[in-house]
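J.: Dropping in target.cif, with mmCIF, C-alpha atoms and all ligand atoms.
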data_data
loop_
_atom_site.label_atom_id
_atom_site.label_comp_id
_atom_site.auth_asym_id
_atom_site.auth_seq_id
_atom_site.Cartn_x
_atom_site.Cartn_y
_atom_site.Cartn_z
CA MET A 74 -0.28 -8.82 39.23
CA SER A 75 -0.39 -6.80 36.03
CA GLU A 76 1.32 -8.18 32.91
CA PRO A 77 4.88 -6.92 32.28
CA LEU A 78 5.50 -4.18 29.74
CA LYS A 79 7.99 -5.36 27.10
CA LEU A 80 10.04 -2.94 25.04
CA TRP A 81 11.34 -3.93 21.60
CA ARG A 82 13.84 -1.23 20.72
CA ASN A 83 16.45 -0.24 18.15
CA ALA A 84 14.41 -1.38 15.12
CA GLN A 85 13.43 -0.12 11.67
CA LEU A 86 9.68 -0.54 11.55
CA ALA A 87 7.58 -1.16 8.44
CA THR A 88 4.29 -0.57 10.20
CA CYS A 89 1.95 -1.63 7.34
CA ASP A 90 -0.73 0.55 8.94
CA ALA A 91 -3.07 2.66 6.81
CA ALA A 92 -0.34 5.25 6.28
CA ALA A 93 2.24 2.51 5.53
CA ARG A 94 4.66 4.34 7.80
CA VAL A 95 8.32 3.46 8.02
CA ILE A 96 10.06 4.43 11.26
CA ALA A 97 13.83 4.36 10.92
CA ARG A 98 14.71 4.56 14.63
CA GLY A 99 11.66 2.87 15.98
CA ALA A 100 10.48 0.95 18.99
CA LEU A 101 7.32 -0.70 20.19
CA THR A 102 5.97 -1.82 23.50
CA THR A 103 3.75 -4.81 24.19
CA ARG A 104 1.67 -6.00 27.10
CA ALA A 105 -0.43 -9.12 27.48
CA GLY A 106 0.22 -10.21 23.90
CA ARG A 107 -0.84 -6.91 22.29
CA ILE A 108 0.99 -3.90 20.95
CA GLU A 109 0.58 -0.97 23.31
CA TRP A 110 2.64 1.69 21.59
CA VAL A 111 4.58 2.14 18.31
CA GLY A 112 6.77 5.10 17.40
CA GLU A 113 10.12 6.84 17.34
CA GLU A 114 12.37 5.47 20.02
CA ALA A 115 13.10 9.02 21.16
CA ALA A 116 9.41 9.43 22.08
CA LEU A 117 9.11 6.28 24.21
CA PRO A 118 6.38 6.83 26.78
CA ALA A 119 7.24 4.58 29.73
CA ALA A 120 9.94 2.48 31.33
CA ALA A 121 9.68 -1.22 30.50
CA ASP A 122 9.95 -4.35 32.62
CA GLU A 123 11.76 -6.28 29.91
CA VAL A 124 13.92 -4.92 27.06
CA HIS A 125 14.78 -6.56 23.72
CA ASP A 126 17.44 -4.80 21.65
CA LEU A 127 16.79 -5.63 17.98
CA ALA A 128 20.15 -4.23 16.84
CA GLY A 129 18.75 -1.96 14.13
CA ALA A 130 16.97 -4.80 12.28
CA TRP A 131 13.90 -4.41 10.10
CA VAL A 132 10.61 -5.45 11.69
CA THR A 133 7.31 -6.13 9.91
CA PRO A 134 4.00 -7.46 11.15
CA GLY A 135 3.78 -11.27 11.15
CA LEU A 136 3.04 -12.32 7.57
CA ILE A 137 -0.46 -13.49 6.68
CA ASP A 138 -1.07 -16.13 4.01
CA CYS A 139 -4.75 -15.46 3.26
CA HIS A 140 -5.43 -18.22 0.68
CA THR A 141 -4.15 -21.79 1.00
CA HIS A 142 -5.34 -25.31 0.40
CA LEU A 143 -2.42 -26.73 2.36
CA VAL A 144 -4.34 -29.65 3.86
CA PHE A 145 -4.26 -32.34 1.18
CA ALA A 146 -2.88 -35.80 0.50
CA GLY A 147 -0.67 -36.99 -2.34
CA THR A 148 0.62 -34.86 -5.18
CA ARG A 149 -0.39 -34.15 -8.77
CA ALA A 150 3.12 -34.05 -10.24
CA ASN A 151 1.82 -36.36 -12.99
CA GLU A 152 -0.64 -33.64 -14.07
CA TYR A 153 2.09 -31.02 -14.03
CA ALA A 154 4.07 -33.26 -16.39
CA GLU A 155 0.99 -33.58 -18.63
CA ARG A 156 0.55 -29.82 -18.66
CA LEU A 157 4.18 -29.44 -19.68
CA ARG A 158 3.31 -31.66 -22.64
CA GLY A 159 0.52 -29.26 -23.58
CA ARG A 160 -2.63 -30.54 -21.87
CA SER A 161 -4.64 -27.81 -20.14
CA TYR A 162 -5.80 -27.61 -16.52
CA GLU A 163 -9.44 -27.65 -17.72
CA GLU A 164 -8.92 -30.71 -19.95
CA ILE A 165 -7.39 -32.63 -17.08
CA ALA A 166 -10.26 -31.57 -14.78
CA ARG A 167 -12.96 -32.53 -17.29
CA ALA A 168 -11.35 -35.96 -17.69
CA GLY A 169 -11.83 -36.65 -13.95
CA GLY A 170 -8.36 -35.60 -12.81
CA GLY A 171 -7.57 -32.23 -11.27
CA ILE A 172 -9.35 -31.46 -8.02
CA LEU A 173 -11.14 -34.84 -8.14
CA ALA A 174 -7.80 -36.67 -8.16
CA THR A 175 -6.92 -35.01 -4.86
CA VAL A 176 -10.44 -35.70 -3.56
CA ARG A 177 -9.80 -39.43 -4.01
CA ALA A 178 -6.49 -39.15 -2.14
CA VAL A 179 -8.00 -37.14 0.72
CA ARG A 180 -10.97 -39.45 1.14
CA ALA A 181 -8.60 -42.43 1.35
CA ALA A 182 -6.34 -40.74 3.93
CA SER A 183 -6.89 -41.00 7.67
CA GLU A 184 -7.04 -37.84 9.73
CA GLU A 185 -3.54 -38.63 11.07
CA GLN A 186 -2.10 -39.14 7.57
CA LEU A 187 -3.64 -35.89 6.42
CA PHE A 188 -2.12 -34.07 9.38
CA ASP A 189 1.30 -35.63 8.81
CA GLU A 190 1.34 -34.80 5.10
CA SER A 191 0.18 -31.23 5.65
CA ALA A 192 2.37 -30.31 8.64
CA PRO A 193 5.64 -29.83 6.67
CA ARG A 194 3.91 -27.37 4.33
CA LEU A 195 2.68 -25.33 7.25
CA ALA A 196 6.12 -25.52 8.84
CA ALA A 197 7.68 -24.12 5.65
CA LEU A 198 5.32 -21.14 5.71
CA LEU A 199 6.00 -20.50 9.39
CA ALA A 200 9.75 -20.55 8.81
CA GLU A 201 9.27 -17.52 6.54
CA GLY A 202 7.53 -15.50 9.22
CA VAL A 203 3.90 -16.42 8.57
CA THR A 204 1.96 -16.06 11.81
CA THR A 205 -1.60 -16.28 10.41
CA VAL A 206 -2.72 -18.67 7.70
CA GLU A 207 -6.03 -19.43 6.04
CA ILE A 208 -6.70 -23.09 5.25
CA LYS A 209 -9.54 -24.21 2.99
CA SER A 210 -11.36 -27.52 2.82
CA GLY A 211 -12.52 -28.61 -0.63
CA TYR A 212 -10.88 -31.97 -1.25
CA GLY A 213 -13.34 -34.01 0.82
CA LEU A 214 -16.68 -33.14 -0.81
CA THR A 215 -18.70 -35.32 1.57
CA LEU A 216 -19.85 -33.95 4.91
CA ALA A 217 -17.56 -36.36 6.76
CA ASP A 218 -14.51 -35.69 4.61
CA GLU A 219 -14.93 -31.91 4.64
CA ALA A 220 -15.23 -32.12 8.44
CA LYS A 221 -12.08 -34.24 8.51
CA MET A 222 -10.13 -31.62 6.54
CA LEU A 223 -11.35 -28.78 8.73
CA ARG A 224 -10.50 -30.71 11.92
CA VAL A 225 -6.99 -31.25 10.59
CA ALA A 226 -6.73 -27.50 9.90
CA ARG A 227 -7.81 -26.72 13.48
CA HIS A 228 -5.43 -29.37 14.82
CA LEU A 229 -2.55 -27.77 12.88
CA GLY A 230 -3.43 -24.45 14.51
CA ARG A 231 -3.07 -26.03 17.96
CA ALA A 232 0.09 -27.98 17.13
CA PHE A 233 2.01 -25.07 15.57
CA PRO A 234 2.56 -21.49 16.77
CA VAL A 235 0.23 -19.96 14.18
CA THR A 236 -3.29 -18.61 13.95
CA VAL A 237 -5.35 -20.72 11.55
CA ARG A 238 -8.53 -19.41 9.92
CA THR A 239 -10.62 -22.10 8.26
CA THR A 240 -12.70 -21.69 5.12
CA LEU A 241 -15.32 -24.15 3.92
CA LEU A 242 -14.76 -24.76 0.21
CA ALA A 243 -17.11 -27.71 -0.23
CA ALA A 244 -18.18 -25.90 -3.42
CA HIS A 245 -14.80 -26.57 -5.04
CA THR A 246 -16.10 -28.95 -7.70
CA VAL A 247 -19.12 -31.23 -8.12
CA PRO A 248 -18.31 -34.60 -6.50
CA PRO A 249 -19.10 -37.88 -8.33
CA GLU A 250 -22.09 -38.53 -6.03
CA TYR A 251 -23.76 -35.40 -7.42
CA ARG A 252 -22.64 -35.69 -11.03
CA ASP A 253 -24.85 -33.46 -13.23
CA ARG A 254 -26.73 -32.34 -10.09
CA ALA A 255 -24.73 -29.27 -9.09
CA ASP A 256 -27.83 -27.41 -7.84
CA GLU A 257 -28.69 -30.27 -5.49
CA TYR A 258 -25.11 -30.37 -4.27
CA ILE A 259 -25.18 -26.65 -3.44
CA GLU A 260 -28.53 -27.18 -1.64
CA ALA A 261 -26.99 -29.96 0.47
CA ILE A 262 -24.08 -27.74 1.47
CA ALA A 263 -26.34 -24.75 2.15
CA ARG A 264 -29.04 -26.59 4.11
CA GLU A 265 -27.18 -29.39 5.88
CA TRP A 266 -23.39 -29.30 5.79
CA LEU A 267 -22.75 -25.63 6.48
CA PRO A 268 -25.02 -25.39 9.54
CA GLN A 269 -23.57 -28.59 11.01
CA LEU A 270 -19.93 -27.70 10.40
CA CYS A 271 -20.55 -24.19 11.66
CA ALA A 272 -22.14 -25.55 14.86
CA GLN A 273 -19.01 -27.66 15.38
CA GLY A 274 -16.90 -24.49 15.28
CA LEU A 275 -15.06 -25.62 12.17
CA VAL A 276 -15.88 -22.77 9.78
CA ASP A 277 -14.65 -19.17 9.83
CA ALA A 278 -15.67 -18.30 6.24
CA VAL A 279 -17.26 -19.79 3.11
CA ASP A 280 -15.70 -19.93 -0.36
CA ILE A 281 -16.81 -21.17 -3.80
CA PHE A 282 -14.99 -21.87 -7.08
CA CYS A 283 -17.09 -19.87 -9.53
CA GLU A 284 -16.01 -21.05 -12.96
CA ASN A 285 -17.30 -22.96 -15.99
CA ILE A 286 -15.69 -26.17 -14.73
CA ALA A 287 -17.16 -25.62 -11.25
CA PHE A 288 -20.14 -23.49 -10.12
CA SER A 289 -22.27 -20.69 -11.56
CA VAL A 290 -22.89 -17.21 -10.20
CA ALA A 291 -26.48 -18.21 -9.29
CA GLN A 292 -25.18 -21.19 -7.31
CA ALA A 293 -22.69 -18.92 -5.54
CA GLU A 294 -25.51 -16.55 -4.67
CA ARG A 295 -27.49 -19.39 -3.11
CA LEU A 296 -24.49 -20.49 -1.04
CA PHE A 297 -23.74 -16.94 0.07
CA ALA A 298 -27.32 -16.53 1.31
CA ALA A 299 -26.85 -19.60 3.52
CA ALA A 300 -23.55 -18.26 4.84
CA ARG A 301 -25.12 -14.90 5.59
CA ALA A 302 -27.93 -16.55 7.52
CA LEU A 303 -25.28 -18.06 9.82
CA GLY A 304 -23.34 -14.81 10.09
CA LEU A 305 -20.37 -16.19 8.16
CA PRO A 306 -18.29 -14.04 5.79
CA VAL A 307 -17.85 -15.15 2.17
CA LYS A 308 -15.11 -15.13 -0.45
CA MET A 309 -14.80 -16.40 -4.00
CA HIS A 310 -12.36 -18.05 -6.42
CA ALA A 311 -13.36 -15.75 -9.25
CA GLU A 312 -12.45 -15.00 -12.86
CA GLN A 313 -9.44 -17.37 -12.90
CA LEU A 314 -10.09 -19.21 -16.17
CA GLY A 315 -12.82 -17.06 -17.70
CA ASN A 316 -15.18 -14.21 -16.82
CA LEU A 317 -18.49 -15.41 -15.36
CA GLY A 318 -19.47 -12.27 -13.46
CA GLY A 319 -18.75 -13.77 -10.06
CA THR A 320 -16.68 -10.85 -8.84
CA LEU A 321 -19.47 -8.33 -9.48
CA MET A 322 -21.94 -10.44 -7.51
CA ALA A 323 -19.49 -11.16 -4.67
CA ALA A 324 -18.57 -7.49 -4.33
CA ARG A 325 -22.27 -6.58 -4.24
CA GLN A 326 -22.68 -9.01 -1.38
CA GLY A 327 -19.77 -7.51 0.55
CA ALA A 328 -17.45 -10.52 0.19
CA LEU A 329 -14.20 -10.34 2.11
CA SER A 330 -12.19 -11.14 -1.02
CA CYS A 331 -12.24 -12.28 -4.62
CA ASP A 332 -9.24 -14.39 -5.50
CA HIS A 333 -7.27 -15.04 -8.76
CA LEU A 334 -8.99 -12.44 -11.03
CA GLU A 335 -6.92 -13.02 -14.18
CA TYR A 336 -10.04 -12.52 -16.34
CA ALA A 337 -11.36 -9.55 -14.36
CA GLY A 338 -11.35 -6.07 -15.91
CA GLU A 339 -12.19 -2.46 -15.25
CA ALA A 340 -15.74 -3.13 -14.02
CA GLU A 341 -14.54 -5.72 -11.51
CA ALA A 342 -11.76 -3.43 -10.29
CA ALA A 343 -14.28 -0.65 -9.66
CA ALA A 344 -16.71 -3.00 -7.91
CA LEU A 345 -14.03 -4.46 -5.64
CA ALA A 346 -12.77 -1.01 -4.69
CA SER A 347 -16.15 0.44 -3.87
CA ALA A 348 -17.21 -2.62 -1.86
CA GLY A 349 -13.93 -2.82 0.07
CA THR A 350 -13.55 -6.41 -1.14
CA VAL A 351 -9.88 -7.39 -1.29
CA ALA A 352 -8.40 -8.52 -4.63
CA VAL A 353 -6.26 -11.53 -3.72
CA LEU A 354 -3.61 -12.26 -6.36
CA LEU A 355 -2.22 -15.78 -6.64
CA PRO A 356 0.87 -15.51 -8.85
CA VAL A 357 2.15 -19.02 -8.08
CA ALA A 358 -0.98 -20.51 -9.70
CA PHE A 359 -0.56 -18.14 -12.64
CA TYR A 360 3.05 -19.27 -12.98
CA CYS A 361 2.40 -23.01 -12.66
CA LEU A 362 -0.54 -22.96 -15.07
CA GLY A 363 1.51 -21.00 -17.57
CA GLY A 364 -1.14 -18.29 -17.42
CA GLU A 365 -1.45 -16.02 -20.39
CA ARG A 366 -3.68 -13.38 -18.92
CA GLN A 367 -2.76 -11.21 -15.97
CA PRO A 368 -5.05 -9.75 -13.34
CA PRO A 369 -5.92 -6.10 -14.08
CA VAL A 370 -3.40 -4.60 -11.70
CA ALA A 371 -3.38 -1.13 -13.30
CA ALA A 372 -7.18 -0.87 -13.04
CA LEU A 373 -7.19 -2.22 -9.48
CA ARG A 374 -4.58 0.36 -8.57
CA ALA A 375 -6.40 3.19 -10.35
CA HIS A 376 -9.60 2.38 -8.44
CA HIS A 377 -7.71 2.03 -5.14
CA ALA A 378 -8.75 -1.57 -4.63
CA MET A 379 -6.90 -3.41 -1.88
CA LEU A 380 -4.40 -5.96 -3.22
CA ALA A 381 -3.34 -9.03 -1.27
CA ILE A 382 -0.96 -11.84 -2.25
CA ALA A 383 -1.18 -15.45 -1.12
CA SER A 384 0.64 -18.72 -1.76
CA ASP A 385 -2.50 -20.67 -2.85
CA CYS A 386 -0.54 -23.75 -1.67
CA ASN A 387 -2.34 -26.67 -3.36
CA PRO A 388 -1.34 -29.83 -5.24
CA GLY A 389 -2.80 -28.80 -8.61
CA SER A 390 -2.08 -25.23 -9.58
CA ALA A 391 0.36 -24.04 -6.91
CA PRO A 392 2.56 -26.76 -5.42
CA GLY A 393 4.56 -24.54 -3.12
CA ALA A 394 4.63 -23.31 0.44
CA SER A 395 6.48 -20.01 0.17
CA LEU A 396 4.80 -16.67 0.65
CA LEU A 397 8.10 -14.88 -0.05
CA THR A 398 8.24 -16.56 -3.46
CA ALA A 399 4.64 -15.46 -4.09
CA MET A 400 5.72 -11.88 -3.28
CA SER A 401 8.59 -12.13 -5.74
CA MET A 402 6.28 -13.46 -8.43
CA ALA A 403 3.68 -10.77 -7.75
CA THR A 404 6.28 -8.08 -8.34
CA ARG A 405 7.97 -9.62 -11.38
CA LEU A 406 4.96 -11.24 -13.09
CA PHE A 407 2.15 -8.85 -12.12
CA GLY A 408 4.10 -5.61 -11.71
CA LEU A 409 3.35 -4.92 -8.06
CA THR A 410 5.70 -2.56 -6.27
CA ALA A 411 7.71 -3.84 -3.31
CA ASP A 412 5.46 -1.81 -1.03
CA GLU A 413 2.25 -3.20 -2.57
CA ALA A 414 3.66 -6.69 -2.10
CA LEU A 415 4.39 -6.02 1.57
CA GLN A 416 0.92 -4.56 2.23
CA GLY A 417 -0.43 -7.57 0.35
CA VAL A 418 0.90 -10.06 2.89
CA THR A 419 0.13 -7.93 5.95
CA ARG A 420 -2.67 -5.37 6.26
CA HIS A 421 -4.59 -6.28 3.11
CA ALA A 422 -4.24 -10.01 3.77
CA ALA A 423 -5.65 -9.42 7.26
CA ARG A 424 -8.61 -7.64 5.71
CA ALA A 425 -9.15 -10.57 3.30
CA LEU A 426 -9.65 -12.72 6.41
CA GLY A 427 -11.82 -10.23 8.29
CA LEU A 428 -8.94 -9.57 10.73
CA GLU A 429 -8.29 -5.93 9.91
CA GLY A 430 -7.57 -3.92 13.03
CA GLU A 431 -6.58 -7.11 14.84
CA ARG A 432 -3.58 -8.30 12.82
CA GLY A 433 -1.44 -7.27 9.87
CA ALA A 434 -0.07 -3.95 11.15
CA LEU A 435 2.29 -2.67 13.81
CA ALA A 436 -0.23 -0.48 15.58
CA ALA A 437 -1.49 0.02 19.12
CA GLY A 438 -4.16 -2.52 20.01
CA GLN A 439 -3.11 -5.15 17.47
CA VAL A 440 -1.96 -8.63 18.41
CA ALA A 441 1.82 -8.47 18.87
CA ASP A 442 2.79 -10.82 16.04
CA PHE A 443 5.88 -9.56 14.26
CA VAL A 444 9.01 -10.66 12.42
CA VAL A 445 12.58 -9.44 12.78
CA TRP A 446 14.43 -9.76 9.47
CA ASN A 447 18.02 -10.01 8.26
CA LEU A 448 17.53 -7.31 5.62
CA ARG A 449 19.48 -4.21 4.70
CA SER A 450 16.45 -2.65 3.00
CA ILE A 451 12.78 -3.54 3.19
CA GLU A 452 12.71 -4.01 -0.62
CA GLU A 453 14.65 -7.23 -0.05
CA LEU A 454 11.38 -8.89 0.99
CA GLY A 455 10.08 -10.27 -2.27
CA TYR A 456 13.52 -9.88 -3.84
CA TRP A 457 15.17 -13.04 -2.58
CA ILE A 458 14.11 -16.27 -4.22
CA GLY A 459 14.65 -19.52 -2.36
CA PHE A 460 16.48 -17.70 0.41
CA ASN A 461 14.89 -16.97 3.73
CA PRO A 462 15.99 -13.77 5.51
CA ARG A 463 13.88 -14.34 8.63
CA ARG A 464 15.71 -13.72 11.89
CA THR A 465 13.19 -13.94 14.74
CA VAL A 466 9.44 -14.51 14.94
CA VAL A 467 7.50 -12.99 17.82
CA ARG A 468 3.98 -14.24 18.41
CA ALA A 469 1.64 -12.56 20.88
CA ALA A 470 4.71 -10.75 22.28
CA GLU A 471 6.61 -14.00 22.94
CA VAL A 472 9.81 -14.85 21.06
CA LEU A 473 9.18 -18.19 19.42
CA ARG A 474 11.81 -20.77 20.16
CA TRP A 475 10.84 -22.36 16.85
CA PRO A 476 11.27 -21.47 13.99
CA ASN A 477 13.86 -19.09 15.42
CA PRO A 478 17.47 -20.20 15.57
CA ILE A 479 18.40 -21.60 18.95
CA LEU A 480 20.66 -18.99 20.49
O1 LIG B 501 -6.89 -21.86 -6.15
N1 LIG B 501 -9.01 -22.84 -8.50
C1 LIG B 501 -9.39 -23.67 -7.69
N2 LIG B 501 -8.71 -24.06 -6.64
C2 LIG B 501 -7.29 -24.12 -6.58
C3 LIG B 501 -6.75 -25.25 -7.36
C4 LIG B 501 -7.15 -26.49 -6.75
C5 LIG B 501 -6.57 -27.70 -7.38
O2 LIG B 501 -6.25 -27.73 -8.59
O3 LIG B 501 -6.40 -28.67 -6.62
C6 LIG B 501 -6.66 -22.79 -6.90
O4 LIG B 501 -5.91 -22.64 -7.87
FE FE B 502 -7.28 -21.52 -4.41
#
Show this structure as structure tokens.
T.:
Amino acid sequence: MSEPLKLWRNAQLATCDAAARVIARGALTTRAGRIEWVGEEAALPAAADEVHDLAGAWVTPGLIDCHTHLVFAGTRANEYAERLRGRSYEEIARAGGGILATVRAVRAASEEQLFDESAPRLAALLAEGVTTVEIKSGYGLTLADEAKMLRVARHLGRAFPVTVRTTLLAAHTVPPEYRDRADEYIEAIAREWLPQLCAQGLVDAVDIFCENIAFSVAQAERLFAAARALGLPVKMHAEQLGNLGGTLMAARQGALSCDHLEYAGEAEAAALASAGTVAVLLPVAFYCLGGERQPPVAALRAHHAMLAIASDCNPGSAPGASLLTAMSMATRLFGLTADEALQGVTRHAARALGLEGERGALAAGQVADFVVWNLRSIEELGYWIGFNPRRTVVRAAEVLRWPNPIL
């Protein structure tokens, strides 16, 4: 028996496709979990087996949070308090706190504890209409503890109605076991950890923190070569605290994304644009670190680079699990337009995960993940702060019973 054709009618569609079309009296049809047709309701092609009247509501693609570290244990509220007193993120990191403080907490946590601590953060994102989320490792920094984090990420993806993409970020900082031996640490990841974790199906992409307090461009290049040999895409935490040249190298290598970019400039903007590497902006980290320098949005725009926005959910620089808040911050703090913010959590975020064409737009052939919103105008997304206008989440053409209200 063929799958039923579902019609979702009487909607205002923000398609987030390449043309960023808005269809005021729109409809879409779905079959077998995919979108089959999108357009003006008046042009509907076929009679449906099942009809959902969306009562004129706004509909967007399911939101995509393309950069999170949401699997972690404990908090670093003490460090936030220290930063409020004037200590810098780098000073805290160099003194053995920062990422290493969370590494100690994650190593001490069981897989179950890690799952239980992380689940509410994922639930908060889902409640805002996130249907795809990237989750990085990077607080284990031993083979066993990185595997533990990635298993928890996969487990979250089975336990919740969300698509999880995992990223190996073992190159987040040099662990105590490899103190002053960063090259050897990168070699261990490249030669042993990555192939093993990849063979276990735990890795969708590889990331590195390229910064003075972390790893060099040469070390990133070595890691990227290992990823490429396994057919894995790469991304980079780049130019957050200084300019090391990581973005130029990553773009040359065809990285999916470079993330943060506060210290990037014109040359980086041009390189990202011509490589098709997405510039992922993380305004919550900028806000919580009291950042003084902004990513080069005007140059990125002038070069037609693709801009994405993510929550960066992590215990150090971005203790939050709200993509809508990140959109608000990207508009107010970085000057993005409402439309750039919307593309940044849909189509461009999909591209940052290598999912372009599959997710992030209301277009024929895409997975039928979409959100029905309680909005009078689409600009209200990224306008509200601490208020969630989500009405209904549809995943693979099924109305989710959770997090939707029980009718
Ligand atoms: O994206 N910059 C490196 N990684 C995280 C922070 C991690 C942490 O402080 O725990 C980030 O901001
Ligand atoms: Fe990050």
J.: Please, which residues have at least one atom within 7 Å of an atom of ligand LIG 501 (chain B), using all atoms listed in the file, listed as an mmCIF file with C-alpha atoms, keeping the file's coordinate frame?
T.:
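File part20.cif, as written:
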data_model
loop_
_atom_site.group_PDB
_atom_site.id
_atom_site.type_symbol
_atom_site.label_atom_id
_atom_site.label_comp_id
_atom_site.auth_asym_id
_atom_site.auth_seq_id
_atom_site.Cartn_x
_atom_site.Cartn_y
_atom_site.Cartn_z
ATOM 1 C CA GLY A 171 -7.570 -32.230 -11.270
ATOM 2 C CA ILE A 172 -9.350 -31.460 -8.020
ATOM 3 C CA THR A 175 -6.920 -35.010 -4.860
ATOM 4 C CA HIS A 245 -14.800 -26.570 -5.040
ATOM 5 C CA PHE A 282 -14.990 -21.870 -7.080
ATOM 6 C CA HIS A 310 -12.360 -18.050 -6.420
ATOM 7 C CA ALA A 358 -0.980 -20.510 -9.700
ATOM 8 C CA ASP A 385 -2.500 -20.670 -2.850
ATOM 9 C CA ASN A 387 -2.340 -26.670 -3.360
ATOM 10 C CA PRO A 388 -1.340 -29.830 -5.240
ATOM 11 C CA GLY A 389 -2.800 -28.800 -8.610
ATOM 12 C CA SER A 390 -2.080 -25.230 -9.580
ATOM 13 C CA ALA A 391 0.360 -24.040 -6.910
#
J.: So that each row is one residue of chain A with an atom at most 8 Å from ligand FE 502 (chain B), can you give its shortest atom pair and the distance in Å to one decimal, using all atoms listed in the file, rows by chain and rising number, as JSON lines?
T.:
{"residue": "A:His140", "atom": "CA", "partner": "B:FE502", "partner_atom": "FE", "distance": 6.3}
{"residue": "A:Thr141", "atom": "CA", "partner": "B:FE502", "partner_atom": "FE", "distance": 6.3}
{"residue": "A:His142", "atom": "CA", "partner": "B:FE502", "partner_atom": "FE", "distance": 6.4}
{"residue": "A:His310", "atom": "CA", "partner": "B:FE502", "partner_atom": "FE", "distance": 6.5}
{"residue": "A:Asp332", "atom": "CA", "partner": "B:FE502", "partner_atom": "FE", "distance": 7.5}
{"residue": "A:His333", "atom": "CA", "partner": "B:FE502", "partner_atom": "FE", "distance": 7.8}
{"residue": "A:Leu355", "atom": "CA", "partner": "B:FE502", "partner_atom": "FE", "distance": 8.0}
{"residue": "A:Asp385", "atom": "CA", "partner": "B:FE502", "partner_atom": "FE", "distance": 5.1}
{"residue": "A:Cys386", "atom": "CA", "partner": "B:FE502", "partner_atom": "FE", "distance": 7.6}
{"residue": "A:Asn387", "atom": "CA", "partner": "B:FE502", "partner_atom": "FE", "distance": 7.2}
J.: Kindly extract all protein, DNA and RNA residues lying within 12 Å of the coordinates (-1.3, -14.3, -5.6) given in the file, considering only C-alpha atoms, and supply them as a PyMOL selection string.
T.: chain A and resi 138-141+310+313+331-335+351-361+367-368+370+380-386+390-391+395-409+414+417-418+422
J.: So, counting all atoms listed in the file, which residue among A:Glu114, A:Glu201, A:Asp189, A:Glu76 is closest to Thr465 of chain A?
T.: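 Answer, going by the shortest atom-to-atom distance: A:Glu201.
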J.: Pick out the closest residue to Asn477 of chain A from this set: A:Ala394, A:Ala178, A:Ala244, A:Val445. Count all atoms listed in the file.
T.: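 Closest to Asn477 of chain A of all the choices is A:Val445.
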J.: Determine, for each residue of segment 283-376 of chain A having at least one atom at most 9 Å from an atom of segment 250-271 of chain A, the closest pair of atoms and their separation in Å to one decimal, counting only C-alpha atoms; order by chain and ascending number, as CSV.
T.:
residue,atom,partner,partner_atom,distance
A:Ala287,CA,A:Ala255,CA,8.7
A:Phe288,CA,A:Ala255,CA,7.5
A:Gln292,CA,A:Ile259,CA,6.7
A:Ala293,CA,A:Ile259,CA,8.4
A:Arg295,CA,A:Ala263,CA,7.6
A:Leu296,CA,A:Ala263,CA,5.6
A:Phe297,CA,A:Ala263,CA,8.5
A:Ala298,CA,A:Ala263,CA,8.3
A:Ala299,CA,A:Ala263,CA,5.4
A:Ala300,CA,A:Ala263,CA,7.6
A:Leu303,CA,A:Pro268,CA,7.3
A:Leu305,CA,A:Cys271,CA,8.7
J.: Out of A:Pro77, A:Gly427, A:Pro134, A:Gly106, which residue has the shortest atom-to-atom distance to Asp122 of chain A when counting all atoms listed in the file?
T.: A:Pro77
J.: Show me, as a short mmCIF file (atom, residue, chain, number, x, y, z; two decimals) with C-alpha atoms, in the coordinates of the input, the residues that have an atom within 8 Å of Ile137 of chain A when counting only C-alpha atoms, minus same-chain residues fewer than 3 positions from it.
T.:
data_model
loop_
_atom_site.label_atom_id
_atom_site.label_comp_id
_atom_site.auth_asym_id
_atom_site.auth_seq_id
_atom_site.Cartn_x
_atom_site.Cartn_y
_atom_site.Cartn_z
CA VAL A 203 3.90 -16.42 8.57
CA THR A 204 1.96 -16.06 11.81
CA THR A 205 -1.60 -16.28 10.41
CA VAL A 206 -2.72 -18.67 7.70
CA VAL A 418 0.90 -10.06 2.89
CA THR A 419 0.13 -7.93 5.95
CA ALA A 422 -4.24 -10.01 3.77
CA ALA A 423 -5.65 -9.42 7.26
CA GLY A 433 -1.44 -7.27 9.87
#
J.: Hey, can you check how far atom CA of Phe188 of chain A sits from atom CA of Val225 of chain A?
T.: 5.8 Å
J.: Please identify all polymer residues within 10 Å of Glu431 of chain A, counting only C-alpha atoms, omitting same-chain residues fewer than 5 positions from it, and present them as a PDB file with C-alpha atoms, keeping the file's coordinate frame.
T.:
ATOM      1  CA  ARG A 107      -0.840  -6.910  22.290  1.00  0.00           C
ATOM      2  CA  ARG A 420      -2.670  -5.370   6.260  1.00  0.00           C
ATOM      3  CA  ALA A 423      -5.650  -9.420   7.260  1.00  0.00           C
ATOM      4  CA  ARG A 424      -8.610  -7.640   5.710  1.00  0.00           C
ATOM      5  CA  ALA A 436      -0.230  -0.480  15.580  1.00  0.00           C
ATOM      6  CA  ALA A 437      -1.490   0.020  19.120  1.00  0.00           C
ATOM      7  CA  GLY A 438      -4.160  -2.520  20.010  1.00  0.00           C
ATOM      8  CA  GLN A 439      -3.110  -5.150  17.470  1.00  0.00           C
ATOM      9  CA  VAL A 440      -1.960  -8.630  18.410  1.00  0.00           C
ATOM     10  CA  ALA A 441       1.820  -8.470  18.870  1.00  0.00           C
TER      11      ALA A 441
END
J.: What is the atom CA of Gly315 of chain A to atom CA of Gly363 of chain A distance in Å?
T.: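 For atom CA of Gly315 of chain A relative to atom CA of Gly363 of chain A, the distance reads 14.9 Å.
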